[in-house]
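> Sharing a structure, written as structure tokens. Questions coming.
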Amino acid sequence: MKKLVLFLSAILLLGVASCKTGSFATAGGQQEMCYICLVSSDELANKDVQVKIDDSTQFTAKVQRAKQNTEKHNGKVYGIQPGRRHVEITYKGQVIYSQEIYVTSQQTKTINL
């Protein structure tokens, strides 16, 4: 009987010692990036414009057609660095938007042209 109790105690001790308790989770940080979306309801819709960020970054962007208030803008977004940024947008050489904006990480700023 002592051998059976000793044997069961050893198995119980082995079972408890081999179990991990608690929950473990790992989470990676999200990328430090924010986004701009260009929309217009007039002749600029579906046209390409030149976007300049802080006089250093320049790229071509497509303007999305503005939707009604109840619809989501699922158009093209362009990634920029978070913080205070000067955005200048030109179309056919003419400046159509020039403004300071402030965007935080993972925020999408919609610019209406």
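Identifiers in the structure tokens: chain A, B, ... in order shown; residue index from 1 per chain; ligand index from 1 in order shown.
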Let's see if you can do this: from backbone DSSP, list all strand (DSSP E) residues in range 27-57 of chain A, as a list in words.
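Selection result, strand (DSSP E) within range 27-57 of chain A: Cys34, Tyr35, Ile36, Cys37, Leu38, Val39, Ser40, Asp48, Val49, Gln50, Val51, Lys52, Ile53 and Thr57 of chain A.
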> Near Tyr35 in chain A, counting only C-alpha atoms, which residues have an atom at most 6 Å away, once you skip same-chain residues fewer than 4 positions from it, shown as a list in words?
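Final neighbour list, sorted by chain and number: Val77, Tyr78, Gly79, Ile80 and Thr108 of chain A.
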> Go ahead and write the selection's residues with all heavy atoms as a PDB file, in the first residue's frame.

```pdb
ATOM      1  N   VAL A  77      -4.983  55.191 -49.771  1.00  0.00           N
ATOM      2  CA  VAL A  77      -4.387  56.019 -48.721  1.00  0.00           C
ATOM      3  C   VAL A  77      -2.882  56.015 -48.922  1.00  0.00           C
ATOM      4  O   VAL A  77      -2.301  55.070 -49.452  1.00  0.00           O
ATOM      5  CB  VAL A  77      -4.765  55.526 -47.302  1.00  0.00           C
ATOM      6  CG1 VAL A  77      -6.232  55.713 -47.033  1.00  0.00           C
ATOM      7  CG2 VAL A  77      -4.348  54.094 -47.082  1.00  0.00           C
ATOM      8  N   TYR A  78      -2.244  57.088 -48.498  1.00  0.00           N
ATOM      9  CA  TYR A  78      -0.808  57.264 -48.674  1.00  0.00           C
ATOM     10  C   TYR A  78      -0.171  57.461 -47.309  1.00  0.00           C
ATOM     11  O   TYR A  78      -0.620  58.289 -46.512  1.00  0.00           O
ATOM     12  CB  TYR A  78      -0.537  58.459 -49.595  1.00  0.00           C
ATOM     13  CG  TYR A  78      -1.187  58.277 -50.947  1.00  0.00           C
ATOM     14  CD1 TYR A  78      -2.473  58.748 -51.197  1.00  0.00           C
ATOM     15  CD2 TYR A  78      -0.549  57.576 -51.951  1.00  0.00           C
ATOM     16  CE1 TYR A  78      -3.078  58.554 -52.424  1.00  0.00           C
ATOM     17  CE2 TYR A  78      -1.144  57.371 -53.186  1.00  0.00           C
ATOM     18  CZ  TYR A  78      -2.410  57.867 -53.403  1.00  0.00           C
ATOM     19  OH  TYR A  78      -3.016  57.655 -54.619  1.00  0.00           O
ATOM     20  N   GLY A  79       0.866  56.691 -47.021  1.00  0.00           N
ATOM     21  CA  GLY A  79       1.517  56.719 -45.722  1.00  0.00           C
ATOM     22  C   GLY A  79       2.499  57.879 -45.585  1.00  0.00           C
ATOM     23  O   GLY A  79       3.288  58.149 -46.487  1.00  0.00           O
ATOM     24  N   ILE A  80       2.423  58.560 -44.452  1.00  0.00           N
ATOM     25  CA  ILE A  80       3.368  59.623 -44.102  1.00  0.00           C
ATOM     26  C   ILE A  80       3.771  59.437 -42.643  1.00  0.00           C
ATOM     27  O   ILE A  80       3.150  58.660 -41.909  1.00  0.00           O
ATOM     28  CB  ILE A  80       2.776  61.037 -44.330  1.00  0.00           C
ATOM     29  CG1 ILE A  80       1.552  61.276 -43.434  1.00  0.00           C
ATOM     30  CG2 ILE A  80       2.430  61.259 -45.791  1.00  0.00           C
ATOM     31  CD1 ILE A  80       1.031  62.704 -43.493  1.00  0.00           C
ATOM     32  N   THR A 108      -5.882  58.228 -40.053  1.00  0.00           N
ATOM     33  CA  THR A 108      -6.061  58.549 -41.459  1.00  0.00           C
ATOM     34  C   THR A 108      -6.719  59.905 -41.552  1.00  0.00           C
ATOM     35  O   THR A 108      -7.810  60.122 -41.029  1.00  0.00           O
ATOM     36  CB  THR A 108      -6.937  57.496 -42.165  1.00  0.00           C
ATOM     37  OG1 THR A 108      -6.300  56.221 -42.065  1.00  0.00           O
ATOM     38  CG2 THR A 108      -7.137  57.844 -43.633  1.00  0.00           C
TER      39      THR A 108
END
```
> Skip Thr104 in chain A itself and residues of its chain fewer than 2 positions away, then list as a list in words all residues within 8 Å of it, counting only C-alpha atoms.
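The residues that qualify are Cys34, Pro82, Gly83, Tyr102, Gln106 and Gln107 of chain A.
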> Name the residues in contact with range 96-99 of chain A at a cut-off of 6 Å, using only C-alpha atoms, excluding same-chain residues fewer than 6 positions from it; report them as a compact mmCIF listing (two decimals) with all heavy atoms, in the first residue's frame.

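Result went into selection34.txt, see below:
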```
# COMPACT_ATOMS: atom_id res chain seq x y z
N HIS A 86 3.62 69.77 -43.17
CA HIS A 86 3.12 70.75 -44.14
C HIS A 86 2.83 69.98 -45.43
O HIS A 86 3.71 69.36 -46.02
CB HIS A 86 4.15 71.85 -44.41
CG HIS A 86 3.66 72.84 -45.42
ND1 HIS A 86 2.75 73.81 -45.10
CD2 HIS A 86 3.92 72.97 -46.74
CE1 HIS A 86 2.48 74.52 -46.18
NE2 HIS A 86 3.19 74.03 -47.20
N VAL A 87 1.57 70.01 -45.85
CA VAL A 87 1.14 69.28 -47.05
C VAL A 87 0.82 70.30 -48.13
O VAL A 87 0.04 71.23 -47.91
CB VAL A 87 -0.11 68.41 -46.75
CG1 VAL A 87 -0.58 67.70 -48.00
CG2 VAL A 87 0.19 67.42 -45.65
N GLU A 88 1.42 70.11 -49.30
CA GLU A 88 1.15 70.97 -50.45
C GLU A 88 0.77 70.07 -51.61
O GLU A 88 1.49 69.13 -51.95
CB GLU A 88 2.38 71.80 -50.80
CG GLU A 88 2.14 72.78 -51.93
CD GLU A 88 3.35 73.64 -52.19
OE1 GLU A 88 3.60 74.57 -51.39
OE2 GLU A 88 4.05 73.36 -53.18
N ILE A 89 -0.39 70.36 -52.22
CA ILE A 89 -0.89 69.56 -53.33
C ILE A 89 -1.02 70.46 -54.55
O ILE A 89 -1.61 71.54 -54.47
CB ILE A 89 -2.25 68.93 -52.97
CG1 ILE A 89 -2.10 68.05 -51.72
CG2 ILE A 89 -2.80 68.13 -54.14
CD1 ILE A 89 -3.39 67.54 -51.16
N THR A 90 -0.46 69.99 -55.65
CA THR A 90 -0.52 70.76 -56.90
C THR A 90 -1.17 69.92 -57.98
O THR A 90 -1.05 68.69 -58.02
CB THR A 90 0.89 71.19 -57.37
OG1 THR A 90 1.70 70.03 -57.53
CG2 THR A 90 1.54 72.13 -56.37
```
> Enter the distance from CA of Asp42 in chain A to CA of Gln81 in chain A, in Å, rounded to one decimal.
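So the two atoms, CA of Asp42 in chain A and CA of Gln81 in chain A, lie 28.6 Å apart.
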> Restricting the calculation to only C-alpha atoms, which member of A:Leu4, A:Cys37, A:Ile53, A:Ala66 is positioned closest to Arg85 in chain A?
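That would be A:Ile53, the residue with the smallest distance to Arg85 in chain A.
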> May I ask which of the residues A:Val63, A:Ser56, A:Val95, A:Lys3 is the closest one to Leu44 in chain A, counting only C-alpha atoms?
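Among the listed residues, the smallest separation from Leu44 in chain A belongs to A:Val63.
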> Could you work out how far CA of Val49 in chain A lies from CA of Met33 in chain A, giving the answer in Å with one decimal?
21.5 Å
> So, with only C-alpha atoms as the atoms that count, which of A:Lys52, A:Lys76, A:Lys47, A:Arg84 lies closest to Leu113 in chain A?
A:Lys47
> Can you measure CA of Leu38 in chain A to CA of Ile111 in chain A for me? One decimal in Å is fine.
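CA of Ile111 in chain A lies 5.0 Å from CA of Leu38 in chain A.
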